[in-house]
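Source file: target-v3.pdb (PDB, C-alpha atoms and all ligand atoms)
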```pdb
ATOM      1  CA  GLY A 150     -30.702  35.611  59.607
ATOM      2  CA  ALA A 151     -33.727  37.178  57.902
ATOM      3  CA  ALA A 152     -32.579  40.616  59.124
ATOM      4  CA  LEU A 153     -29.356  40.473  57.105
ATOM      5  CA  ARG A 154     -29.313  42.805  54.167
ATOM      6  CA  GLU A 155     -26.773  43.595  51.482
ATOM      7  CA  GLY A 156     -24.151  45.816  53.137
ATOM      8  CA  ALA A 157     -25.025  44.710  56.690
ATOM      9  CA  TRP A 158     -21.999  44.294  58.920
ATOM     10  CA  VAL A 159     -21.501  41.135  60.991
ATOM     11  CA  GLN A 160     -18.567  41.386  63.348
ATOM     12  CA  ARG A 161     -18.673  37.959  64.933
ATOM     13  CA  LEU A 162     -20.725  34.833  64.396
ATOM     14  CA  TYR A 163     -20.924  32.639  67.502
ATOM     15  CA  ILE A 164     -22.931  29.439  67.834
ATOM     16  CA  VAL A 165     -23.638  28.554  71.462
ATOM     17  CA  PRO A 166     -22.344  25.036  72.277
ATOM     18  CA  GLU A 167     -25.773  23.390  72.602
ATOM     19  CA  TRP A 168     -26.668  24.434  69.036
ATOM     20  CA  ARG A 169     -23.383  23.302  67.461
ATOM     21  CA  ARG A 170     -22.986  20.444  64.943
ATOM     22  CA  ARG A 171     -26.584  20.701  63.694
ATOM     23  CA  GLY A 172     -25.883  22.708  60.578
ATOM     24  CA  TYR A 173     -27.105  26.027  61.987
ATOM     25  CA  GLY A 174     -23.616  27.604  61.982
ATOM     26  CA  THR A 175     -23.156  26.664  58.331
ATOM     27  CA  PHE A 176     -26.616  27.978  57.528
ATOM     28  CA  LEU A 177     -26.000  31.335  59.262
ATOM     29  CA  LEU A 178     -22.505  31.708  57.835
ATOM     30  CA  ARG A 179     -23.914  31.151  54.340
ATOM     31  CA  ARG A 180     -26.523  33.856  54.969
ATOM     32  CA  VAL A 181     -23.779  36.225  56.132
ATOM     33  CA  CYS A 182     -21.492  35.461  53.186
ATOM     34  CA  ARG A 183     -24.316  35.856  50.662
ATOM     35  CA  ALA A 184     -25.365  39.160  52.228
ATOM     36  CA  GLY A 185     -21.861  40.584  51.718
ATOM     37  CA  PRO A 186     -21.474  43.281  49.047
ATOM     38  CA  ARG A 187     -19.953  42.595  45.619
ATOM     39  CA  GLY A 188     -16.189  43.043  45.820
ATOM     40  CA  LEU A 189     -15.958  41.782  49.423
ATOM     41  CA  TRP A 190     -12.765  39.790  50.014
ATOM     42  CA  ALA A 191     -12.500  36.734  52.248
ATOM     43  CA  ARG A 192      -9.611  34.515  53.255
ATOM     44  CA  ALA A 193     -10.149  30.749  53.504
ATOM     45  CA  GLU A 194      -7.215  28.560  54.494
ATOM     46  CA  ASN A 195      -8.473  25.125  53.458
ATOM     47  CA  GLY A 196     -10.205  23.585  50.459
ATOM     48  CA  ALA A 197     -13.508  22.976  52.257
ATOM     49  CA  ALA A 198     -13.733  26.623  53.352
ATOM     50  CA  GLN A 199     -12.843  27.819  49.843
ATOM     51  CA  ALA A 200     -15.504  25.528  48.334
ATOM     52  CA  PHE A 201     -18.011  26.902  50.830
ATOM     53  CA  LEU A 202     -17.214  30.508  49.864
ATOM     54  CA  ARG A 203     -17.543  29.624  46.167
ATOM     55  CA  GLN A 204     -21.039  28.295  46.887
ATOM     56  CA  CYS A 205     -21.784  31.703  48.381
ATOM     57  CA  GLY A 206     -20.791  33.524  45.203
ATOM     58  CA  PHE A 207     -17.083  34.136  45.963
ATOM     59  CA  GLN A 208     -14.616  33.574  43.163
ATOM     60  CA  GLY A 209     -10.921  32.784  42.994
ATOM     61  CA  ALA A 210      -8.574  29.820  43.044
ATOM     62  CA  GLY A 211      -6.297  30.539  46.058
ATOM     63  CA  PRO A 212      -6.949  31.291  49.730
ATOM     64  CA  VAL A 213      -8.186  34.810  48.946
ATOM     65  CA  LEU A 214     -11.573  34.921  47.257
ATOM     66  CA  CYS A 215     -13.667  37.838  46.125
ATOM     67  CA  ARG A 216     -17.426  38.043  46.087
ATOM     68  CA  GLY A 217     -18.258  38.833  42.482
ATOM     69  CA  VAL A 218     -21.012  37.948  40.124
ATOM     70  CA  ARG A 219     -22.302  34.395  40.641
ATOM     71  CA  ALA A 220     -19.988  31.874  39.006
ATOM     72  CA  ALA A 221     -21.207  30.811  35.580
ATOM     73  CA  ALA A 222     -22.782  27.371  35.350
ATOM     74  CA  ASP A 223     -20.248  26.450  32.669
ATOM     75  CA  ASN A 224     -20.043  22.721  33.328
ATOM     76  CA  ALA A 225     -22.579  19.944  33.892
ATOM     77  CA  VAL A 226     -22.262  19.766  37.681
ATOM     78  CA  ALA A 227     -22.439  23.560  38.176
ATOM     79  CA  CYS A 228     -25.433  23.658  35.835
ATOM     80  CA  ALA A 229     -27.251  20.897  37.765
ATOM     81  CA  HIS A 230     -26.520  22.683  41.052
ATOM     82  CA  ALA A 231     -27.810  26.019  39.733
ATOM     83  CA  PHE A 232     -31.002  24.337  38.473
ATOM     84  CA  VAL A 233     -31.677  22.546  41.760
ATOM     85  CA  ARG A 234     -30.882  25.682  43.789
ATOM     86  CA  ALA A 235     -33.385  27.635  41.706
ATOM     87  CA  HIS A 236     -36.236  25.186  42.325
ATOM     88  CA  LEU A 237     -35.554  23.420  45.615
ATOM     89  CA  VAL A 238     -37.702  24.156  48.631
ATOM     90  CA  PRO A 239     -35.632  24.735  51.814
ATOM     91  CA  GLY A 240     -36.731  22.309  54.499
ATOM     92  CA  GLY A 241     -37.586  19.614  51.966
ATOM     93  CA  PHE A 242     -36.342  16.075  51.382
ATOM     94  CA  ALA A 243     -33.715  15.617  48.652
ATOM     95  CA  VAL A 244     -31.941  12.546  47.291
ATOM     96  CA  ASP A 245     -28.477  12.107  45.828
ATOM     97  CA  ALA A 246     -28.854   8.885  43.815
ATOM     98  CA  THR A 247     -25.086   8.520  43.264
ATOM     99  CA  ALA A 248     -23.243   9.629  46.408
ATOM    100  CA  GLY A 249     -19.654   9.088  45.149
ATOM    101  CA  ASN A 250     -17.356  11.348  47.149
ATOM    102  CA  GLY A 251     -20.291  13.290  48.597
ATOM    103  CA  HIS A 252     -19.901  16.661  46.849
ATOM    104  CA  ASP A 253     -23.472  16.671  45.526
ATOM    105  CA  THR A 254     -24.767  15.431  48.893
ATOM    106  CA  VAL A 255     -23.065  18.370  50.623
ATOM    107  CA  PHE A 256     -24.530  20.737  48.036
ATOM    108  CA  LEU A 257     -28.028  19.324  48.693
ATOM    109  CA  CYS A 258     -27.582  19.619  52.483
ATOM    110  CA  HIS A 259     -26.719  23.304  52.114
ATOM    111  CA  ALA A 260     -29.636  23.796  49.744
ATOM    112  CA  VAL A 261     -32.311  22.171  51.964
ATOM    113  CA  GLY A 262     -30.887  23.848  55.082
ATOM    114  CA  PRO A 263     -31.082  22.720  58.710
ATOM    115  CA  GLN A 264     -34.802  21.923  58.515
ATOM    116  CA  GLY A 265     -34.307  19.670  55.494
ATOM    117  CA  ARG A 266     -33.213  16.067  54.978
ATOM    118  CA  VAL A 267     -30.910  14.487  52.406
ATOM    119  CA  LEU A 268     -30.463  10.805  51.630
ATOM    120  CA  ALA A 269     -27.524   9.688  49.472
ATOM    121  CA  LEU A 270     -27.134   6.220  47.918
ATOM    122  CA  ASP A 271     -24.199   4.375  46.473
ATOM    123  CA  ILE A 272     -23.508   0.711  45.740
ATOM    124  CA  GLN A 273     -19.894   1.077  46.933
ATOM    125  CA  GLN A 274     -19.174   1.076  50.663
ATOM    126  CA  LYS A 275     -16.103   3.231  49.935
ATOM    127  CA  ALA A 276     -18.341   5.959  48.523
ATOM    128  CA  VAL A 277     -20.851   5.676  51.390
ATOM    129  CA  ASP A 278     -18.018   6.051  53.926
ATOM    130  CA  ALA A 279     -16.442   8.971  52.028
ATOM    131  CA  THR A 280     -19.798  10.769  51.894
ATOM    132  CA  ASN A 281     -20.664  10.200  55.560
ATOM    133  CA  MET A 282     -17.155  11.330  56.550
ATOM    134  CA  ARG A 283     -17.515  14.502  54.478
ATOM    135  CA  LEU A 284     -20.917  15.243  56.035
ATOM    136  CA  GLN A 285     -19.481  14.691  59.501
ATOM    137  CA  LYS A 286     -16.488  16.965  58.836
ATOM    138  CA  MET A 287     -18.696  19.727  57.501
ATOM    139  CA  GLY A 288     -21.172  19.530  60.384
ATOM    140  CA  LEU A 289     -23.961  18.349  58.085
ATOM    141  CA  ALA A 290     -24.554  14.881  59.534
ATOM    142  CA  GLN A 291     -27.817  16.057  61.129
ATOM    143  CA  ILE A 292     -29.173  16.871  57.676
ATOM    144  CA  GLY A 293     -27.719  14.231  55.376
ATOM    145  CA  ARG A 294     -26.683  10.590  55.487
ATOM    146  CA  ALA A 295     -25.415   8.086  52.952
ATOM    147  CA  ILE A 296     -26.469   4.431  52.785
ATOM    148  CA  LYS A 297     -25.260   1.479  50.728
ATOM    149  CA  ALA A 298     -28.082   0.894  48.268
ATOM    150  CA  ASP A 299     -28.676   0.464  44.560
ATOM    151  CA  HIS A 300     -30.640   3.333  43.054
ATOM    152  CA  ALA A 301     -32.639   0.726  41.087
ATOM    153  CA  GLY A 302     -34.505   0.245  44.407
ATOM    154  CA  LEU A 303     -35.465   3.916  44.740
ATOM    155  CA  ALA A 304     -39.209   3.211  44.489
ATOM    156  CA  ASP A 305     -39.083   1.276  47.793
ATOM    157  CA  ILE A 306     -36.944   3.980  49.374
ATOM    158  CA  PHE A 307     -39.454   6.719  48.472
ATOM    159  CA  GLU A 308     -42.241   4.502  49.821
ATOM    160  CA  LYS A 309     -40.478   4.510  53.188
ATOM    161  CA  GLU A 310     -38.886   7.977  53.232
ATOM    162  CA  GLY A 311     -41.496  10.096  51.480
ATOM    163  CA  ARG A 312     -41.574  12.161  48.292
ATOM    164  CA  PRO A 313     -38.527  14.249  47.351
ATOM    165  CA  CYS A 314     -38.393  17.879  46.194
ATOM    166  CA  ALA A 315     -35.119  17.208  44.351
ATOM    167  CA  VAL A 316     -33.227  14.173  43.088
ATOM    168  CA  MET A 317     -29.735  14.342  41.590
ATOM    169  CA  PHE A 318     -27.897  11.724  39.522
ATOM    170  CA  ASN A 319     -24.212  12.104  38.677
ATOM    171  CA  LEU A 320     -23.512   9.100  36.468
ATOM    172  CA  GLY A 321     -20.248   7.311  35.779
ATOM    173  CA  TYR A 322     -17.626   5.868  38.097
ATOM    174  CA  LEU A 323     -16.314   6.972  41.465
ATOM    175  CA  PRO A 324     -13.548   9.557  40.939
ATOM    176  CA  GLY A 325     -10.428   8.106  42.549
ATOM    177  CA  GLY A 326     -12.078   4.671  42.758
ATOM    178  CA  SER A 327     -12.326   1.590  40.570
ATOM    179  CA  HIS A 328     -13.228   2.325  36.940
ATOM    180  CA  ALA A 329     -14.781  -1.156  36.790
ATOM    181  CA  VAL A 330     -17.820  -0.019  38.835
ATOM    182  CA  PHE A 331     -20.000   2.461  37.024
ATOM    183  CA  THR A 332     -23.624   3.316  36.568
ATOM    184  CA  THR A 333     -25.573   1.414  33.890
ATOM    185  CA  PRO A 334     -28.915   2.101  32.174
ATOM    186  CA  GLN A 335     -30.233  -1.247  33.535
ATOM    187  CA  HIS A 336     -30.171   0.372  36.981
ATOM    188  CA  SER A 337     -30.275   4.102  36.267
ATOM    189  CA  LEU A 338     -33.367   4.040  34.014
ATOM    190  CA  PRO A 339     -35.651   2.308  36.578
ATOM    191  CA  ALA A 340     -34.163   4.703  39.142
ATOM    192  CA  LEU A 341     -34.969   7.744  36.985
ATOM    193  CA  ASP A 342     -38.518   6.431  36.468
ATOM    194  CA  ALA A 343     -39.022   5.977  40.207
ATOM    195  CA  ALA A 344     -37.509   9.401  40.959
ATOM    196  CA  TRP A 345     -39.673  11.156  38.390
ATOM    197  CA  ARG A 346     -42.866   9.486  39.653
ATOM    198  CA  ALA A 347     -42.088  10.267  43.316
ATOM    199  CA  LEU A 348     -40.894  13.846  42.716
ATOM    200  CA  LEU A 349     -43.200  16.473  44.216
ATOM    201  CA  PRO A 350     -44.859  18.937  41.811
ATOM    202  CA  GLY A 351     -42.454  21.850  41.290
ATOM    203  CA  GLY A 352     -39.547  19.519  42.067
ATOM    204  CA  ALA A 353     -36.260  19.230  40.174
ATOM    205  CA  LEU A 354     -34.494  16.153  38.843
ATOM    206  CA  THR A 355     -31.013  16.447  37.351
ATOM    207  CA  VAL A 356     -28.709  14.013  35.573
ATOM    208  CA  CYS A 357     -25.050  14.669  34.821
ATOM    209  CA  ALA A 358     -24.245  12.106  32.159
ATOM    210  CA  TYR A 359     -20.768  11.274  30.941
ATOM    211  CA  SER A 360     -20.157  10.685  27.283
ATOM    212  CA  GLY A 361     -16.793   8.946  27.440
ATOM    213  CA  GLY A 362     -16.316   5.385  26.148
ATOM    214  CA  MET A 363     -18.965   2.946  24.995
ATOM    215  CA  GLN A 364     -20.569   2.712  28.438
ATOM    216  CA  GLY A 365     -20.822   6.454  29.048
ATOM    217  CA  THR A 366     -22.156   7.208  25.581
ATOM    218  CA  ALA A 367     -24.739   4.407  25.714
ATOM    219  CA  GLU A 368     -25.983   5.551  29.121
ATOM    220  CA  ARG A 369     -26.064   9.211  28.040
ATOM    221  CA  ASP A 370     -28.163   8.289  24.979
ATOM    222  CA  ALA A 371     -30.487   6.130  27.091
ATOM    223  CA  VAL A 372     -31.020   9.049  29.505
ATOM    224  CA  LEU A 373     -31.714  11.458  26.626
ATOM    225  CA  ALA A 374     -34.261   9.027  25.139
ATOM    226  CA  TRP A 375     -35.884   8.564  28.558
ATOM    227  CA  ALA A 376     -36.122  12.331  29.149
ATOM    228  CA  GLY A 377     -37.442  12.935  25.619
ATOM    229  CA  ALA A 378     -40.256  10.427  26.214
ATOM    230  CA  LEU A 379     -41.546  12.553  29.122
ATOM    231  CA  ARG A 380     -42.627  15.310  26.742
ATOM    232  CA  GLY A 381     -46.258  16.220  27.316
ATOM    233  CA  GLN A 382     -46.327  14.583  30.731
ATOM    234  CA  GLY A 383     -46.129  17.677  32.906
ATOM    235  CA  CYS A 384     -42.385  17.909  32.447
ATOM    236  CA  LYS A 385     -40.026  20.683  31.360
ATOM    237  CA  VAL A 386     -36.746  19.272  30.078
ATOM    238  CA  ALA A 387     -33.551  21.182  29.298
ATOM    239  CA  VAL A 388     -30.388  19.531  27.999
ATOM    240  CA  HIS A 389     -27.141  21.496  28.407
ATOM    241  CA  LEU A 390     -24.040  20.804  26.305
ATOM    242  CA  PHE A 391     -20.667  22.395  27.044
ATOM    243  CA  ARG A 392     -19.042  22.920  23.675
ATOM    244  CA  HIS A 393     -16.156  25.025  25.065
ATOM    245  CA  GLU A 394     -14.690  21.929  26.740
ATOM    246  CA  ALA A 395     -12.421  19.579  24.818
ATOM    247  CA  GLY A 396     -13.450  15.988  24.078
ATOM    248  CA  GLN A 397     -16.868  14.803  25.150
ATOM    249  CA  PRO A 398     -17.629  16.655  28.373
ATOM    250  CA  PRO A 399     -20.534  15.572  30.587
ATOM    251  CA  ILE A 400     -23.958  16.945  29.756
ATOM    252  CA  ALA A 401     -26.592  18.155  32.201
ATOM    253  CA  VAL A 402     -30.200  17.018  31.788
ATOM    254  CA  CYS A 403     -32.487  19.149  33.981
ATOM    255  CA  LEU A 404     -36.146  18.237  34.487
ATOM    256  CA  LEU A 405     -38.783  20.265  36.266
ATOM    257  CA  LYS A 406     -42.096  18.689  37.294
ATOM    258  CA  GLU A 407     -44.806  21.183  36.522
ATOM    259  CA  MET A 408     -47.158  22.243  39.304
ATOM    260  CA  ARG A 409     -50.246  21.474  37.241
ATOM    261  CA  PRO A 410     -51.015  17.838  36.493
ATOM    262  CA  ALA A 411     -50.616  16.800  32.869
ATOM    263  CA  PRO A 412     -53.867  16.965  30.819
TER     264      PRO A 412
HETATM  265  N1  LIG A 501     -22.144  12.619  43.180
HETATM  266  C1  LIG A 501     -20.773  12.193  43.357
HETATM  267  C2  LIG A 501     -19.946  13.286  43.997
HETATM  268  O1  LIG A 501     -20.437  14.409  44.193
HETATM  269  O2  LIG A 501     -18.785  13.004  44.332
HETATM  270  C3  LIG A 501     -20.159  11.610  42.118
HETATM  271  C4  LIG A 501     -20.860  10.346  41.667
HETATM  272  S1  LIG A 501     -19.829   9.256  40.764
HETATM  273  C5  LIG A 501     -19.641  10.056  39.221
HETATM  274  C6  LIG A 501     -20.960   7.934  40.396
HETATM  275  C7  LIG A 501     -21.227   7.015  41.587
HETATM  276  O3  LIG A 501     -22.352   6.191  41.251
HETATM  277  C8  LIG A 501     -20.098   6.076  41.953
HETATM  278  O4  LIG A 501     -19.655   6.296  43.260
HETATM  279  C9  LIG A 501     -20.726   4.682  41.817
HETATM  280  O5  LIG A 501     -20.315   3.766  42.808
HETATM  281  C10 LIG A 501     -22.195   4.992  41.965
HETATM  282  N2  LIG A 501     -23.098   3.968  41.402
HETATM  283  C11 LIG A 501     -22.895   3.159  40.328
HETATM  284  N3  LIG A 501     -23.968   2.374  40.138
HETATM  285  C12 LIG A 501     -24.860   2.693  41.111
HETATM  286  C13 LIG A 501     -26.158   2.196  41.448
HETATM  287  N4  LIG A 501     -26.740   1.235  40.736
HETATM  288  N5  LIG A 501     -26.776   2.734  42.521
HETATM  289  C14 LIG A 501     -26.193   3.718  43.268
HETATM  290  N6  LIG A 501     -24.952   4.220  42.981
HETATM  291  C15 LIG A 501     -24.295   3.701  41.924
END
```
Would you write out, as structure tokens, the structure that this file holds?
Amino acid sequence: GAALREGAWVQRLYIVPEWRRRGYGTFLLRRVCRAGPRGLWARAENGAAQAFLRQCGFQGAGPVLCRGVRAAADNAVACAHAFVRAHLVPGGFAVDATAGNGHDTVFLCHAVGPQGRVLALDIQQKAVDATNMRLQKMGLAQIGRAIKADHAGLADIFEKEGRPCAVMFNLGYLPGGSHAVFTTPQHSLPALDAAWRALLPGGALTVCAYSGGMQGTAERDAVLAWAGALRGQGCKVAVHLFRHEAGQPPIAVCLLKEMRPAP
């Protein structure tokens, strides 16, 4: 993989059977796709393959995608992903504090790579099952797993599992699920506190916060107040708004734990 350079030609990628289903094929394929020159075209027949190519810098909406400039981080989720990708250490331990349908968990699995570990939490069994199924389908079950747990208990989880290099929160309700179950500051604020304290120096913490309705707006404001209070505590905080979107689009709050301890 390390020998691949821009312009290198890979004719066939073959994973011997005993190394299959451990994430190595995905890892190598990503290296190959990213090494491809700008303007390279690829055909992907299903949504998962198209999503994979987009993560590798390919653009396009149909089955034919072109490797162009990296897609702009023009929404909260893309922005959080770009931030984590920029700071995450491959081989590390990362946590998705709101598993939902597993898209962020899959992103984290690709980012930590086959030597890494990802733990995803959700209070809904439906979300846990959807995430584990997605990981299984994408051959990432050796790297990531989802469990039914409340992120308010993250402190205990870090005690058992170790310190993370990245933690992601994507607040709100489960897309395609019940709108009656959503994240609340009573749970997400203690979870953010625990995540920030456990985060390794140099680590990234992101929150995508929805602004819709009373609940979403109240939680967004609580997160902004929480992040603002970290000023001067070895923390870099960036808040991204997406004014080009109609209504009240989600915001991305990106925190970086500085390498040096706070004075
Ligand atoms: N990251 C997800 C994805 O990529 O599909 C989307 C997350 S969705 C917007 C928010 C999720 O948070 C829902 O599935 C919901 O069940 C979950 N949730 C709500 N309260 C929670 C809590 N206290 N602890 C853990 N998860 C919670």
Picked residues, the PyMOL selection byres (((chain A and resi 312) around 9) and not hetatm), as an mmCIF file with C-alpha atoms, in the frame of the given file:
```
data_model
loop_
_atom_site.group_PDB
_atom_site.id
_atom_site.type_symbol
_atom_site.label_atom_id
_atom_site.label_comp_id
_atom_site.auth_asym_id
_atom_site.auth_seq_id
_atom_site.Cartn_x
_atom_site.Cartn_y
_atom_site.Cartn_z
ATOM 1 C CA PHE A 242 -36.342 16.075 51.382
ATOM 2 C CA ALA A 243 -33.715 15.617 48.652
ATOM 3 C CA PHE A 307 -39.454 6.719 48.472
ATOM 4 C CA GLU A 308 -42.241 4.502 49.821
ATOM 5 C CA GLU A 310 -38.886 7.977 53.232
ATOM 6 C CA GLY A 311 -41.496 10.096 51.480
ATOM 7 C CA PRO A 313 -38.527 14.249 47.351
ATOM 8 C CA CYS A 314 -38.393 17.879 46.194
ATOM 9 C CA ALA A 344 -37.509 9.401 40.959
ATOM 10 C CA ALA A 347 -42.088 10.267 43.316
ATOM 11 C CA LEU A 348 -40.894 13.846 42.716
ATOM 12 C CA LEU A 349 -43.200 16.473 44.216
#
```
For ligand LIG 501 (chain A), list the contacting residues at 10 Å or closer, counting all atoms listed in the file, as a compact mmCIF listing (two decimals) with C-alpha atoms, in the coordinates of the input.
```txt
# COMPACT_ATOMS: atom_id res chain seq x y z
CA VAL A 226 -22.26 19.77 37.68
CA ASP A 245 -28.48 12.11 45.83
CA ALA A 246 -28.85 8.88 43.82
CA THR A 247 -25.09 8.52 43.26
CA ALA A 248 -23.24 9.63 46.41
CA GLY A 249 -19.65 9.09 45.15
CA ASN A 250 -17.36 11.35 47.15
CA GLY A 251 -20.29 13.29 48.60
CA HIS A 252 -19.90 16.66 46.85
CA ASP A 253 -23.47 16.67 45.53
CA THR A 254 -24.77 15.43 48.89
CA VAL A 255 -23.06 18.37 50.62
CA PHE A 256 -24.53 20.74 48.04
CA ALA A 269 -27.52 9.69 49.47
CA LEU A 270 -27.13 6.22 47.92
CA ASP A 271 -24.20 4.38 46.47
CA ILE A 272 -23.51 0.71 45.74
CA GLN A 273 -19.89 1.08 46.93
CA GLN A 274 -19.17 1.08 50.66
CA LYS A 275 -16.10 3.23 49.94
CA ALA A 276 -18.34 5.96 48.52
CA VAL A 277 -20.85 5.68 51.39
CA ALA A 279 -16.44 8.97 52.03
CA THR A 280 -19.80 10.77 51.89
CA ILE A 296 -26.47 4.43 52.78
CA LYS A 297 -25.26 1.48 50.73
CA ALA A 298 -28.08 0.89 48.27
CA ASP A 299 -28.68 0.46 44.56
CA HIS A 300 -30.64 3.33 43.05
CA ALA A 301 -32.64 0.73 41.09
CA GLY A 302 -34.51 0.24 44.41
CA LEU A 303 -35.47 3.92 44.74
CA MET A 317 -29.74 14.34 41.59
CA PHE A 318 -27.90 11.72 39.52
CA ASN A 319 -24.21 12.10 38.68
CA LEU A 320 -23.51 9.10 36.47
CA GLY A 321 -20.25 7.31 35.78
CA TYR A 322 -17.63 5.87 38.10
CA LEU A 323 -16.31 6.97 41.46
CA PRO A 324 -13.55 9.56 40.94
CA GLY A 325 -10.43 8.11 42.55
CA GLY A 326 -12.08 4.67 42.76
CA SER A 327 -12.33 1.59 40.57
CA HIS A 328 -13.23 2.33 36.94
CA ALA A 329 -14.78 -1.16 36.79
CA VAL A 330 -17.82 -0.02 38.84
CA PHE A 331 -20.00 2.46 37.02
CA THR A 332 -23.62 3.32 36.57
CA THR A 333 -25.57 1.41 33.89
CA PRO A 334 -28.92 2.10 32.17
CA GLN A 335 -30.23 -1.25 33.53
CA HIS A 336 -30.17 0.37 36.98
CA SER A 337 -30.28 4.10 36.27
CA LEU A 338 -33.37 4.04 34.01
CA PRO A 339 -35.65 2.31 36.58
CA ALA A 340 -34.16 4.70 39.14
CA CYS A 357 -25.05 14.67 34.82
CA ALA A 358 -24.24 12.11 32.16
CA TYR A 359 -20.77 11.27 30.94
```
Have a look at CA of Gln397 (chain A) and CA of Gln199 (chain A) and let me know their distance in Å, one decimal.
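Here the two named atoms are 28.2 Å from each other.
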Suppose a student applies the PyMOL selection byres (((chain A and resi 183) around 9) and not hetatm) to this structure; what residues should they get, written as a PyMOL selection string?
chain A and resi 155+178-182+184-186+202+205-207+216
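Between CA of Gly383 (chain A) and CA of Glu407 (chain A) the interatomic distance comes to 5.2 Å.
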Provide the CA of Gly241 (chain A) to CA of Val261 (chain A) distance in Å, to one decimal place.
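So the answer is 5.9 Å.
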Which residue of A:Ser360, A:Thr355, A:Gln291, A:Gln204 approaches Lys385 (chain A) most closely, using all atoms listed in the file
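Smallest separation from Lys385 (chain A) among the options: A:Thr355.
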Selection dump of the PyMOL selection byres (((chain A and resi 260) around 9) and not hetatm), as a list in words:
Val233, Arg234, Leu237, Val238, Pro239, Gly240, Val255, Phe256, Leu257, Cys258, His259, Val261, Gly262 and Gly265 of chain A
Leaving out Met408 (chain A) and any residue of its chain fewer than 3 positions from it, which residues lie within 10 Å of it when counting all atoms listed in the file, given as a VMD selection string?
chain A and resid 349 to 352 383 to 384 405 411
List the neighbours of Lys286 (chain A) out to 10 Å using all atoms listed in the file; skip same-chain residues closer than 4 positions along the sequence, and give me the result as a count of residues only.
6
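Minimum atom-to-atom distance to Leu379 (chain A), evaluated using all atoms listed in the file, belongs to A:Leu341 out of A:Gly361, A:Leu341, A:Phe176, A:Glu394.
The closest residue to Val244 (chain A), picked from A:Val267, A:Val356, A:Ala374, A:Ala367 and counting only C-alpha atoms, is A:Val267.
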Which centre and edge lengths in Å to one decimal define the box along x, y and z that fits every listed atom of region 371-375 of chain A plus 5 Å per side, as lines of an AutoDock Vina configuration file?
```
center_x = -33.2
center_y = 8.8
center_z = 27.3
size_x = 15.4
size_y = 15.3
size_z = 14.4
```
Which residues are close to Ala225 (chain A), i.e. within 6 Å by all atoms listed in the file, leaving aside same-chain residues fewer than 4 positions away? Reply as a VMD selection string.
chain A and resid 357 399 to 401
